[in-house]
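*Asks:* My file is input.pdb. It has PDB, C-alpha atoms, pLDDT in the B column:
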ATOM      1  CA  ALA Y 296      15.281   6.568   5.068  1.00 75.00           C
ATOM      2  CA  GLN Y 297      13.745   5.595   1.769  1.00 82.00           C
ATOM      3  CA  SER Y 298      11.347   7.530  -0.439  1.00 89.00           C
ATOM      4  CA  VAL Y 299       9.466   7.106  -3.697  1.00 93.00           C
ATOM      5  CA  THR Y 300       8.457   9.652  -6.320  1.00 95.00           C
ATOM      6  CA  GLN Y 301       5.891   8.806  -8.946  1.00 96.00           C
ATOM      7  CA  LEU Y 302       5.867  11.286 -11.805  1.00 92.00           C
ATOM      8  CA  GLY Y 303       2.360  12.100 -12.921  1.00 91.00           C
ATOM      9  CA  SER Y 304      -0.635  11.643 -10.677  1.00 92.00           C
ATOM     10  CA  HIS Y 305      -2.765  10.898 -13.722  1.00 95.00           C
ATOM     11  CA  VAL Y 306      -1.795   9.272 -17.023  1.00 97.00           C
ATOM     12  CA  SER Y 307      -4.119   8.719 -19.989  1.00 97.00           C
ATOM     13  CA  VAL Y 308      -3.359   6.370 -22.860  1.00 97.00           C
ATOM     14  CA  SER Y 309      -5.339   5.054 -25.790  1.00 97.00           C
ATOM     15  CA  GLU Y 310      -6.314   1.411 -25.870  1.00 97.00           C
ATOM     16  CA  GLY Y 311      -3.481  -0.507 -27.540  1.00 97.00           C
ATOM     17  CA  ALA Y 312      -0.868   2.157 -26.793  1.00 97.00           C
ATOM     18  CA  LEU Y 313       2.230   1.774 -24.658  1.00 97.00           C
ATOM     19  CA  VAL Y 314       1.796   2.249 -20.923  1.00 97.00           C
ATOM     20  CA  LEU Y 315       4.695   3.897 -19.074  1.00 98.00           C
ATOM     21  CA  LEU Y 316       4.351   4.773 -15.397  1.00 98.00           C
ATOM     22  CA  ARG Y 317       7.396   6.366 -13.814  1.00 97.00           C
ATOM     23  CA  CYS Y 318       8.887   5.647 -10.417  1.00 97.00           C
ATOM     24  CA  ASN Y 319      12.088   6.980  -8.908  1.00 96.00           C
ATOM     25  CA  TYR Y 320      13.329   5.992  -5.478  1.00 94.00           C
ATOM     26  CA  SER Y 321      15.903   6.942  -2.937  1.00 91.00           C
ATOM     27  CA  SER Y 322      17.352   4.497  -0.459  1.00 84.00           C
ATOM     28  CA  SER Y 323      20.471   4.386   1.681  1.00 79.00           C
ATOM     29  CA  VAL Y 324      20.851   0.643   1.076  1.00 80.00           C
ATOM     30  CA  PRO Y 325      20.174  -1.599  -1.918  1.00 80.00           C
ATOM     31  CA  PRO Y 326      16.403  -1.511  -2.150  1.00 85.00           C
ATOM     32  CA  TYR Y 327      13.653  -3.916  -2.902  1.00 88.00           C
ATOM     33  CA  LEU Y 328      11.031  -2.371  -5.185  1.00 91.00           C
ATOM     34  CA  PHE Y 329       7.394  -3.212  -5.756  1.00 93.00           C
ATOM     35  CA  TRP Y 330       4.486  -2.154  -7.929  1.00 96.00           C
ATOM     36  CA  TYR Y 331       0.980  -2.591  -6.567  1.00 96.00           C
ATOM     37  CA  VAL Y 332      -2.297  -1.987  -8.422  1.00 96.00           C
ATOM     38  CA  GLN Y 333      -5.601  -0.838  -6.945  1.00 94.00           C
ATOM     39  CA  TYR Y 334      -8.781  -1.343  -8.954  1.00 93.00           C
ATOM     40  CA  PRO Y 335     -11.788   0.798  -8.007  1.00 88.00           C
ATOM     41  CA  ASN Y 336     -13.190  -0.018  -4.568  1.00 82.00           C
ATOM     42  CA  GLN Y 337     -10.653  -2.761  -4.006  1.00 86.00           C
ATOM     43  CA  GLY Y 338      -7.531  -3.239  -1.941  1.00 88.00           C
ATOM     44  CA  LEU Y 339      -4.053  -3.165  -3.411  1.00 92.00           C
ATOM     45  CA  GLN Y 340      -2.580  -6.244  -5.038  1.00 92.00           C
ATOM     46  CA  LEU Y 341       0.987  -6.998  -6.018  1.00 92.00           C
ATOM     47  CA  LEU Y 342       1.852  -6.600  -9.706  1.00 95.00           C
ATOM     48  CA  LEU Y 343       5.570  -7.363  -9.555  1.00 93.00           C
ATOM     49  CA  LYS Y 344       8.658  -6.971  -7.408  1.00 90.00           C
ATOM     50  CA  TYR Y 345      12.415  -6.531  -7.722  1.00 90.00           C
ATOM     51  CA  THR Y 346      14.444  -8.236  -5.025  1.00 84.00           C
ATOM     52  CA  SER Y 347      18.023  -8.071  -6.369  1.00 78.00           C
ATOM     53  CA  ALA Y 348      17.797 -10.883  -8.881  1.00 77.00           C
ATOM     54  CA  ALA Y 349      17.076 -10.059 -12.550  1.00 86.00           C
ATOM     55  CA  THR Y 350      16.806  -6.329 -13.224  1.00 90.00           C
ATOM     56  CA  LEU Y 351      13.946  -6.826 -15.696  1.00 94.00           C
ATOM     57  CA  VAL Y 352      10.968  -8.109 -13.794  1.00 94.00           C
ATOM     58  CA  LYS Y 353       7.808  -9.509 -15.347  1.00 94.00           C
ATOM     59  CA  GLY Y 354       4.521  -9.363 -13.500  1.00 93.00           C
ATOM     60  CA  ILE Y 355       0.895 -10.198 -13.964  1.00 92.00           C
ATOM     61  CA  ASN Y 356      -1.327  -8.939 -16.785  1.00 92.00           C
ATOM     62  CA  GLY Y 357       1.593  -8.308 -19.171  1.00 95.00           C
ATOM     63  CA  PHE Y 358       3.303  -5.639 -17.055  1.00 97.00           C
ATOM     64  CA  GLU Y 359       7.030  -5.457 -16.541  1.00 97.00           C
ATOM     65  CA  ALA Y 360       9.486  -3.114 -14.857  1.00 97.00           C
ATOM     66  CA  GLU Y 361      13.209  -2.559 -15.111  1.00 95.00           C
ATOM     67  CA  PHE Y 362      15.432  -1.695 -12.161  1.00 94.00           C
ATOM     68  CA  LYS Y 363      18.039   0.876 -13.199  1.00 94.00           C
ATOM     69  CA  LYS Y 364      20.412   1.594 -10.363  1.00 91.00           C
ATOM     70  CA  SER Y 365      22.232   4.385 -12.194  1.00 92.00           C
ATOM     71  CA  GLU Y 366      18.944   6.225 -12.699  1.00 93.00           C
ATOM     72  CA  THR Y 367      17.383   5.141  -9.357  1.00 94.00           C
ATOM     73  CA  SER Y 368      14.323   4.196 -11.348  1.00 95.00           C
ATOM     74  CA  PHE Y 369      11.837   1.357 -11.527  1.00 96.00           C
ATOM     75  CA  HIS Y 370       9.418   2.351 -14.287  1.00 97.00           C
ATOM     76  CA  LEU Y 371       6.414   0.165 -15.090  1.00 98.00           C
ATOM     77  CA  THR Y 372       5.560  -0.623 -18.704  1.00 98.00           C
ATOM     78  CA  LYS Y 373       3.091  -2.582 -20.763  1.00 97.00           C
ATOM     79  CA  PRO Y 374       3.333  -2.719 -24.563  1.00 97.00           C
ATOM     80  CA  SER Y 375      -0.384  -2.488 -25.261  1.00 97.00           C
ATOM     81  CA  ALA Y 376      -2.962  -0.996 -22.907  1.00 97.00           C
ATOM     82  CA  HIS Y 377      -6.267  -2.712 -22.314  1.00 96.00           C
ATOM     83  CA  MET Y 378      -9.417  -1.145 -20.919  1.00 96.00           C
ATOM     84  CA  SER Y 379      -9.122  -3.416 -17.885  1.00 95.00           C
ATOM     85  CA  ASP Y 380      -5.782  -1.792 -16.984  1.00 96.00           C
ATOM     86  CA  ALA Y 381      -7.572   1.344 -15.790  1.00 96.00           C
ATOM     87  CA  ALA Y 382      -6.646   1.544 -12.112  1.00 96.00           C
ATOM     88  CA  GLU Y 383      -4.327   3.306  -9.686  1.00 95.00           C
ATOM     89  CA  TYR Y 384      -0.740   2.105  -9.544  1.00 97.00           C
ATOM     90  CA  PHE Y 385       1.572   2.467  -6.569  1.00 96.00           C
ATOM     91  CA  CYS Y 386       5.330   2.084  -6.496  1.00 96.00           C
ATOM     92  CA  ALA Y 387       6.860   1.068  -3.169  1.00 93.00           C
ATOM     93  CA  VAL Y 388      10.360   0.628  -1.763  1.00 91.00           C
ATOM     94  CA  SER Y 389      11.751  -1.290   1.185  1.00 85.00           C
ATOM     95  CA  GLU Y 390      15.254  -1.317   2.568  1.00 74.00           C
ATOM     96  CA  GLY Y 391      15.983  -4.852   1.525  1.00 67.00           C
ATOM     97  CA  ALA Y 392      16.517  -7.988   3.505  1.00 64.00           C
ATOM     98  CA  GLY Y 393      14.958  -8.052   6.944  1.00 66.00           C
ATOM     99  CA  SER Y 394      13.024  -4.843   6.447  1.00 71.00           C
ATOM    100  CA  TYR Y 395       9.276  -4.888   7.000  1.00 79.00           C
ATOM    101  CA  GLN Y 396       8.732  -1.216   6.281  1.00 80.00           C
ATOM    102  CA  LEU Y 397       7.312  -0.400   2.853  1.00 86.00           C
ATOM    103  CA  THR Y 398       7.211   3.211   1.707  1.00 89.00           C
ATOM    104  CA  PHE Y 399       4.648   3.932  -0.996  1.00 92.00           C
ATOM    105  CA  GLY Y 400       4.520   6.610  -3.631  1.00 93.00           C
ATOM    106  CA  LYS Y 401       1.449   8.822  -4.043  1.00 93.00           C
ATOM    107  CA  GLY Y 402       0.113   6.719  -6.865  1.00 94.00           C
ATOM    108  CA  THR Y 403      -0.596   7.224 -10.558  1.00 96.00           C
ATOM    109  CA  LYS Y 404      -4.117   6.864 -11.849  1.00 95.00           C
ATOM    110  CA  LEU Y 405      -4.155   5.263 -15.290  1.00 97.00           C
ATOM    111  CA  SER Y 406      -7.049   5.971 -17.638  1.00 97.00           C
ATOM    112  CA  VAL Y 407      -7.448   3.999 -20.866  1.00 97.00           C
ATOM    113  CA  ILE Y 408      -9.302   5.707 -23.680  1.00 96.00           C
ATOM    114  CA  PRO Y 409     -11.190   3.475 -26.134  1.00 94.00           C
TER     115      PRO Y 409
ATOM    116  CA  GLY T  22     -10.813 -16.510   5.682  1.00 52.00           C
ATOM    117  CA  ALA T  23      -9.671 -16.359   2.099  1.00 78.00           C
ATOM    118  CA  GLY T  24      -8.563 -12.752   2.245  1.00 91.00           C
ATOM    119  CA  VAL T  25      -8.117  -9.777   4.534  1.00 94.00           C
ATOM    120  CA  SER T  26     -11.486  -8.613   5.787  1.00 96.00           C
ATOM    121  CA  GLN T  27     -12.190  -5.078   7.013  1.00 97.00           C
ATOM    122  CA  SER T  28     -15.275  -3.599   8.621  1.00 96.00           C
ATOM    123  CA  PRO T  29     -17.139  -1.391   8.338  1.00 97.00           C
ATOM    124  CA  SER T  30     -16.604  -0.710   4.655  1.00 95.00           C
ATOM    125  CA  ASN T  31     -18.043   2.766   5.115  1.00 96.00           C
ATOM    126  CA  LYS T  32     -18.396   4.865   8.241  1.00 97.00           C
ATOM    127  CA  VAL T  33     -19.839   8.351   8.507  1.00 97.00           C
ATOM    128  CA  THR T  34     -19.436  10.012  11.871  1.00 97.00           C
ATOM    129  CA  GLU T  35     -19.712  13.421  13.453  1.00 97.00           C
ATOM    130  CA  LYS T  36     -16.691  15.411  14.493  1.00 97.00           C
ATOM    131  CA  GLY T  37     -15.708  14.569  18.055  1.00 97.00           C
ATOM    132  CA  LYS T  38     -17.052  11.017  18.064  1.00 97.00           C
ATOM    133  CA  ASP T  39     -14.874   7.940  18.500  1.00 98.00           C
ATOM    134  CA  VAL T  40     -14.676   5.259  15.808  1.00 98.00           C
ATOM    135  CA  GLU T  41     -13.365   1.713  15.695  1.00 98.00           C
ATOM    136  CA  LEU T  42     -12.218   0.012  12.520  1.00 98.00           C
ATOM    137  CA  ARG T  43     -11.662  -3.724  12.423  1.00 97.00           C
ATOM    138  CA  CYS T  44      -9.280  -5.888  10.433  1.00 97.00           C
ATOM    139  CA  ASP T  45      -9.346  -9.669  10.196  1.00 95.00           C
ATOM    140  CA  PRO T  46      -6.110 -10.810   8.508  1.00 94.00           C
ATOM    141  CA  ILE T  47      -5.488 -13.928   6.494  1.00 91.00           C
ATOM    142  CA  SER T  48      -5.355 -16.940   8.763  1.00 88.00           C
ATOM    143  CA  GLY T  49      -1.776 -17.751   9.720  1.00 85.00           C
ATOM    144  CA  HIS T  50      -0.369 -14.349   8.776  1.00 87.00           C
ATOM    145  CA  THR T  51       1.540 -13.052  11.745  1.00 84.00           C
ATOM    146  CA  ALA T  52       2.358  -9.575  10.471  1.00 88.00           C
ATOM    147  CA  LEU T  53      -0.304  -6.868  10.159  1.00 92.00           C
ATOM    148  CA  TYR T  54      -0.137  -3.276   8.922  1.00 93.00           C
ATOM    149  CA  TRP T  55      -2.491  -0.320   9.005  1.00 96.00           C
ATOM    150  CA  TYR T  56      -2.170   2.363   6.335  1.00 95.00           C
ATOM    151  CA  ARG T  57      -4.168   5.521   5.697  1.00 96.00           C
ATOM    152  CA  GLN T  58      -4.988   6.497   2.127  1.00 93.00           C
ATOM    153  CA  SER T  59      -5.999  10.098   1.585  1.00 90.00           C
ATOM    154  CA  LEU T  60      -6.912  11.561  -1.776  1.00 81.00           C
ATOM    155  CA  GLY T  61      -3.757  12.361  -3.710  1.00 74.00           C
ATOM    156  CA  GLN T  62      -1.519  11.432  -0.781  1.00 80.00           C
ATOM    157  CA  GLY T  63      -0.764   7.799  -1.398  1.00 84.00           C
ATOM    158  CA  LEU T  64      -0.478   5.357   1.459  1.00 90.00           C
ATOM    159  CA  GLU T  65       0.647   6.612   4.840  1.00 92.00           C
ATOM    160  CA  PHE T  66       2.027   3.990   7.226  1.00 92.00           C
ATOM    161  CA  LEU T  67       0.299   3.997  10.609  1.00 95.00           C
ATOM    162  CA  ILE T  68       1.284   0.933  12.631  1.00 94.00           C
ATOM    163  CA  TYR T  69       2.837  -2.539  12.281  1.00 92.00           C
ATOM    164  CA  PHE T  70       2.274  -5.651  14.387  1.00 90.00           C
ATOM    165  CA  GLN T  71       4.440  -8.759  14.266  1.00 86.00           C
ATOM    166  CA  GLY T  72       3.557 -11.690  16.488  1.00 82.00           C
ATOM    167  CA  ASN T  73       4.148 -10.941  20.147  1.00 82.00           C
ATOM    168  CA  SER T  74       6.701  -8.213  19.495  1.00 85.00           C
ATOM    169  CA  ALA T  75       6.041  -4.633  20.497  1.00 88.00           C
ATOM    170  CA  PRO T  76       4.234  -2.889  17.629  1.00 90.00           C
ATOM    171  CA  ASP T  77       5.876  -0.174  15.561  1.00 91.00           C
ATOM    172  CA  LYS T  78       3.603   2.796  16.241  1.00 93.00           C
ATOM    173  CA  SER T  79       5.857   5.365  14.613  1.00 91.00           C
ATOM    174  CA  GLY T  80       3.298   6.295  11.948  1.00 93.00           C
ATOM    175  CA  LEU T  81       0.365   7.134  14.198  1.00 96.00           C
ATOM    176  CA  PRO T  82      -0.348  10.842  13.543  1.00 95.00           C
ATOM    177  CA  SER T  83      -1.500  11.775  17.050  1.00 95.00           C
ATOM    178  CA  ASP T  84      -2.391  10.306  20.419  1.00 96.00           C
ATOM    179  CA  ARG T  85      -6.029  10.183  19.287  1.00 97.00           C
ATOM    180  CA  PHE T  86      -5.041   7.133  17.234  1.00 98.00           C
ATOM    181  CA  SER T  87      -4.435   3.749  18.799  1.00 97.00           C
ATOM    182  CA  ALA T  88      -4.510   0.142  17.660  1.00 96.00           C
ATOM    183  CA  GLU T  89      -4.438  -3.249  19.237  1.00 95.00           C
ATOM    184  CA  ARG T  90      -4.198  -6.780  18.050  1.00 93.00           C
ATOM    185  CA  THR T  91      -5.777  -9.456  20.145  1.00 84.00           C
ATOM    186  CA  GLY T  92      -4.551 -13.038  20.116  1.00 80.00           C
ATOM    187  CA  GLY T  93      -2.227 -12.332  17.240  1.00 76.00           C
ATOM    188  CA  SER T  94      -5.147 -12.143  14.833  1.00 89.00           C
ATOM    189  CA  VAL T  95      -7.888  -9.501  14.660  1.00 94.00           C
ATOM    190  CA  SER T  96      -6.818  -5.874  14.941  1.00 96.00           C
ATOM    191  CA  THR T  97      -8.809  -2.793  15.862  1.00 97.00           C
ATOM    192  CA  LEU T  98      -7.816   0.756  14.951  1.00 98.00           C
ATOM    193  CA  THR T  99      -9.448   3.339  17.215  1.00 98.00           C
ATOM    194  CA  ILE T 100      -9.684   7.035  16.484  1.00 98.00           C
ATOM    195  CA  GLN T 101     -10.846   9.166  19.380  1.00 98.00           C
ATOM    196  CA  ARG T 102     -12.462  12.585  19.074  1.00 98.00           C
ATOM    197  CA  THR T 103     -12.470  12.396  15.288  1.00 98.00           C
ATOM    198  CA  GLN T 104     -11.577  15.453  13.235  1.00 97.00           C
ATOM    199  CA  GLN T 105     -12.460  16.252   9.628  1.00 96.00           C
ATOM    200  CA  GLU T 106      -8.849  15.702   8.586  1.00 95.00           C
ATOM    201  CA  ASP T 107      -9.201  12.069   9.705  1.00 96.00           C
ATOM    202  CA  SER T 108     -11.466  11.439   6.709  1.00 96.00           C
ATOM    203  CA  ALA T 109      -9.689   8.861   4.556  1.00 96.00           C
ATOM    204  CA  VAL T 110      -9.659   5.214   3.584  1.00 95.00           C
ATOM    205  CA  TYR T 111      -7.984   3.063   6.225  1.00 97.00           C
ATOM    206  CA  LEU T 112      -6.321   0.001   4.744  1.00 96.00           C
ATOM    207  CA  CYS T 113      -5.197  -3.096   6.550  1.00 96.00           C
ATOM    208  CA  ALA T 114      -2.657  -5.549   5.132  1.00 94.00           C
ATOM    209  CA  SER T 115      -1.257  -8.817   6.364  1.00 91.00           C
ATOM    210  CA  LEU T 116       1.916 -10.669   5.588  1.00 85.00           C
ATOM    211  CA  SER T 117       3.054 -14.189   6.122  1.00 77.00           C
ATOM    212  CA  ARG T 118       6.243 -14.385   8.174  1.00 67.00           C
ATOM    213  CA  GLY T 119       7.605 -17.143   6.044  1.00 66.00           C
ATOM    214  CA  GLU T 120      11.050 -17.047   4.520  1.00 58.00           C
ATOM    215  CA  GLN T 121      10.085 -14.484   1.874  1.00 63.00           C
ATOM    216  CA  ALA T 122       8.762 -12.107   4.468  1.00 61.00           C
ATOM    217  CA  LEU T 123      11.847 -12.472   6.662  1.00 58.00           C
ATOM    218  CA  ARG T 124      13.962 -11.520   3.680  1.00 63.00           C
ATOM    219  CA  GLY T 125      11.793  -8.495   2.986  1.00 65.00           C
ATOM    220  CA  THR T 126      10.492  -9.869  -0.284  1.00 68.00           C
ATOM    221  CA  GLY T 127       7.039 -10.975   0.824  1.00 75.00           C
ATOM    222  CA  GLU T 128       3.771  -9.784  -0.662  1.00 83.00           C
ATOM    223  CA  LEU T 129       1.391  -7.711   1.406  1.00 88.00           C
ATOM    224  CA  PHE T 130      -2.249  -8.754   1.114  1.00 91.00           C
ATOM    225  CA  PHE T 131      -4.618  -5.812   1.479  1.00 93.00           C
ATOM    226  CA  GLY T 132      -8.224  -5.586   2.540  1.00 95.00           C
ATOM    227  CA  GLU T 133     -10.683  -3.393   0.658  1.00 94.00           C
ATOM    228  CA  GLY T 134     -10.445  -0.689   3.263  1.00 94.00           C
ATOM    229  CA  SER T 135     -12.748   1.227   5.568  1.00 97.00           C
ATOM    230  CA  ARG T 136     -13.816   4.597   4.203  1.00 96.00           C
ATOM    231  CA  LEU T 137     -14.194   7.070   7.052  1.00 97.00           C
ATOM    232  CA  THR T 138     -16.028  10.363   6.582  1.00 97.00           C
ATOM    233  CA  VAL T 139     -16.043  12.837   9.433  1.00 97.00           C
ATOM    234  CA  LEU T 140     -18.695  15.532   9.090  1.00 95.00           C
TER     235      LEU T 140
END
Could you write out this structure as structure tokens?
*Replies:*
Amino acid sequence: AQSVTQLGSHVSVSEGALVLLRCNYSSSVPPYLFWYVQYPNQGLQLLLKYTSAATLVKGINGFEAEFKKSETSFHLTKPSAHMSDAAEYFCAVSEGAGSYQLTFGKGTKLSVIP
Amino acid sequence: GAGVSQSPSNKVTEKGKDVELRCDPISGHTALYWYRQSLGQGLEFLIYFQGNSAPDKSGLPSDRFSAERTGGSVSTLTIQRTQQEDSAVYLCASLSRGEQALRGTGELFFGEGSRLTVL
């Protein structure tokens, strides 16, 4: 069975500062990993995904994440935070090819301070 | 429709009443999920439908919860004899069963959710 741990339920950064949201996973098979974002009063939307190709994955809105097998991590970063990045971010893991079951972390709420 | 549509967007009910939540997935998407989002708890998987296959109900928390999907499209989640701990946002997501989905790499498309408050 797979699981996801997101460190920090709430992260605050200043506008223009680096964004780092942490995600660690456990999986019995090579995983696929996803980051989803939820803006206030909206559904979740996909930011980026790792599906066993390049370990550094680029997504929408300037976000990227790096799959590190040795650290079982898939942290999300953005070099410079923008006010519009304020949202809740969810890391999710699936057990690879053929799996339909996504397991989500508890989410990290990002606040951006002007 | 253009996206996943859920109704009602907000529902306030009294403890003990039954509620029905509806999800209309993206046209042509054959896979449909229900998740429950409680404050600080992330997304909890409830049930998964794929075409005509038997649904995966392993996430339903009790026998008060049930869901059906008619004609491979619209789905209804029913909660009987609601309890205060059922208060949450119920999210529906659909997935195309194209090649990406079969390989487990597909993107889930979420609705905006139905916020349920049980008094």
*Asks:* Starting from the PyMOL selection byres ((chain Y) within 12 of (chain T)), expand the selection into actual residues of this file and give them as a VMD selection string.
*Replies:* chain Y and resid 298 to 301 303 to 305 325 to 348 383 to 404
*Asks:* By how many Å are CA of Ser48 in chain T and CA of Asn31 in chain T apart?
*Replies:*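 Those two atoms sit 23.7 Å apart.
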*Asks:* Given the file above and the PyMOL selection byres ((chain Y and resi 364) around 10), which residues are selected, and can you give them as a PyMOL selection string?
*Replies:* chain Y and resi 320+325-326+350+361-363+365-369
*Asks:* Using all atoms listed in the file, which of the listed residues (T:Leu140, T:Ala75, T:Val33, T:Val40) sits closest to Arg102 in chain T?
*Replies:* T:Val40
*Asks:* Taking the file above as input, evaluate the PyMOL selection byres ((chain T and resi 37) around 10) and report the hits as a list of chain:residue names.
*Replies:*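 Listing what the PyMOL selection byres ((chain T and resi 37) around 10) selects in the shown file: T:Thr34, T:Glu35, T:Lys36, T:Lys38, T:Asp39, T:Val40, T:Ile100, T:Gln101, T:Arg102, T:Thr103, T:Gln104, T:Gln105, T:Val139, T:Leu140.
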*Asks:* If I take CA of Ser379 in chain Y and CA of Ile408 in chain Y, how far is one from the other in Å, to one decimal?
*Replies:*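 Straight-line distance from CA of Ser379 in chain Y to CA of Ile408 in chain Y works out to 10.8 Å.
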*Asks:* Distance CA of Ser309 in chain Y-CA of Val352 in chain Y, one decimal place?
*Replies:*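 We find that CA of Ser309 in chain Y and CA of Val352 in chain Y lie 24.1 Å from each other.
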*Asks:* Counting only C-alpha atoms, which of T:Thr138, T:Thr97, T:Thr91, T:Ser28 gets nearest to Asn73 in chain T?
*Replies:*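 Looking only at the distances to Asn73 in chain T, the closest residue turns out to be T:Thr91.
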*Asks:* Looking at T:Ser117, T:Thr51, T:Ser135, T:Ser26, which one is nearest to Arg90 in chain T, with distances taken over all atoms listed in the file?
*Replies:* T:Thr51
*Asks:* Counting all atoms listed in the file, figure out which residue out of Y:Ser322, Y:Gln297, Y:Ser406, Y:Asn356 gets nearest to Thr372 in chain Y.
*Replies:* Y:Asn356
*Asks:* Would you kindly identify which residues have an atom no farther than 7 Å from (4.8, 6.0, -17.0), using all atoms listed in the file and the file's own coordinates, and write them out as a PyMOL selection string?
*Replies:* chain Y and resi 314-317+370-372
*Asks:* Write a file of the just-selected residues containing C-alpha atoms, as a PDB file, keeping the file's coordinate frame.
*Replies:*
ATOM      1  CA  VAL Y 314       1.796   2.249 -20.923  1.00 97.00           C
ATOM      2  CA  LEU Y 315       4.695   3.897 -19.074  1.00 98.00           C
ATOM      3  CA  LEU Y 316       4.351   4.773 -15.397  1.00 98.00           C
ATOM      4  CA  ARG Y 317       7.396   6.366 -13.814  1.00 97.00           C
ATOM      5  CA  HIS Y 370       9.418   2.351 -14.287  1.00 97.00           C
ATOM      6  CA  LEU Y 371       6.414   0.165 -15.090  1.00 98.00           C
ATOM      7  CA  THR Y 372       5.560  -0.623 -18.704  1.00 98.00           C
TER       8      THR Y 372
END
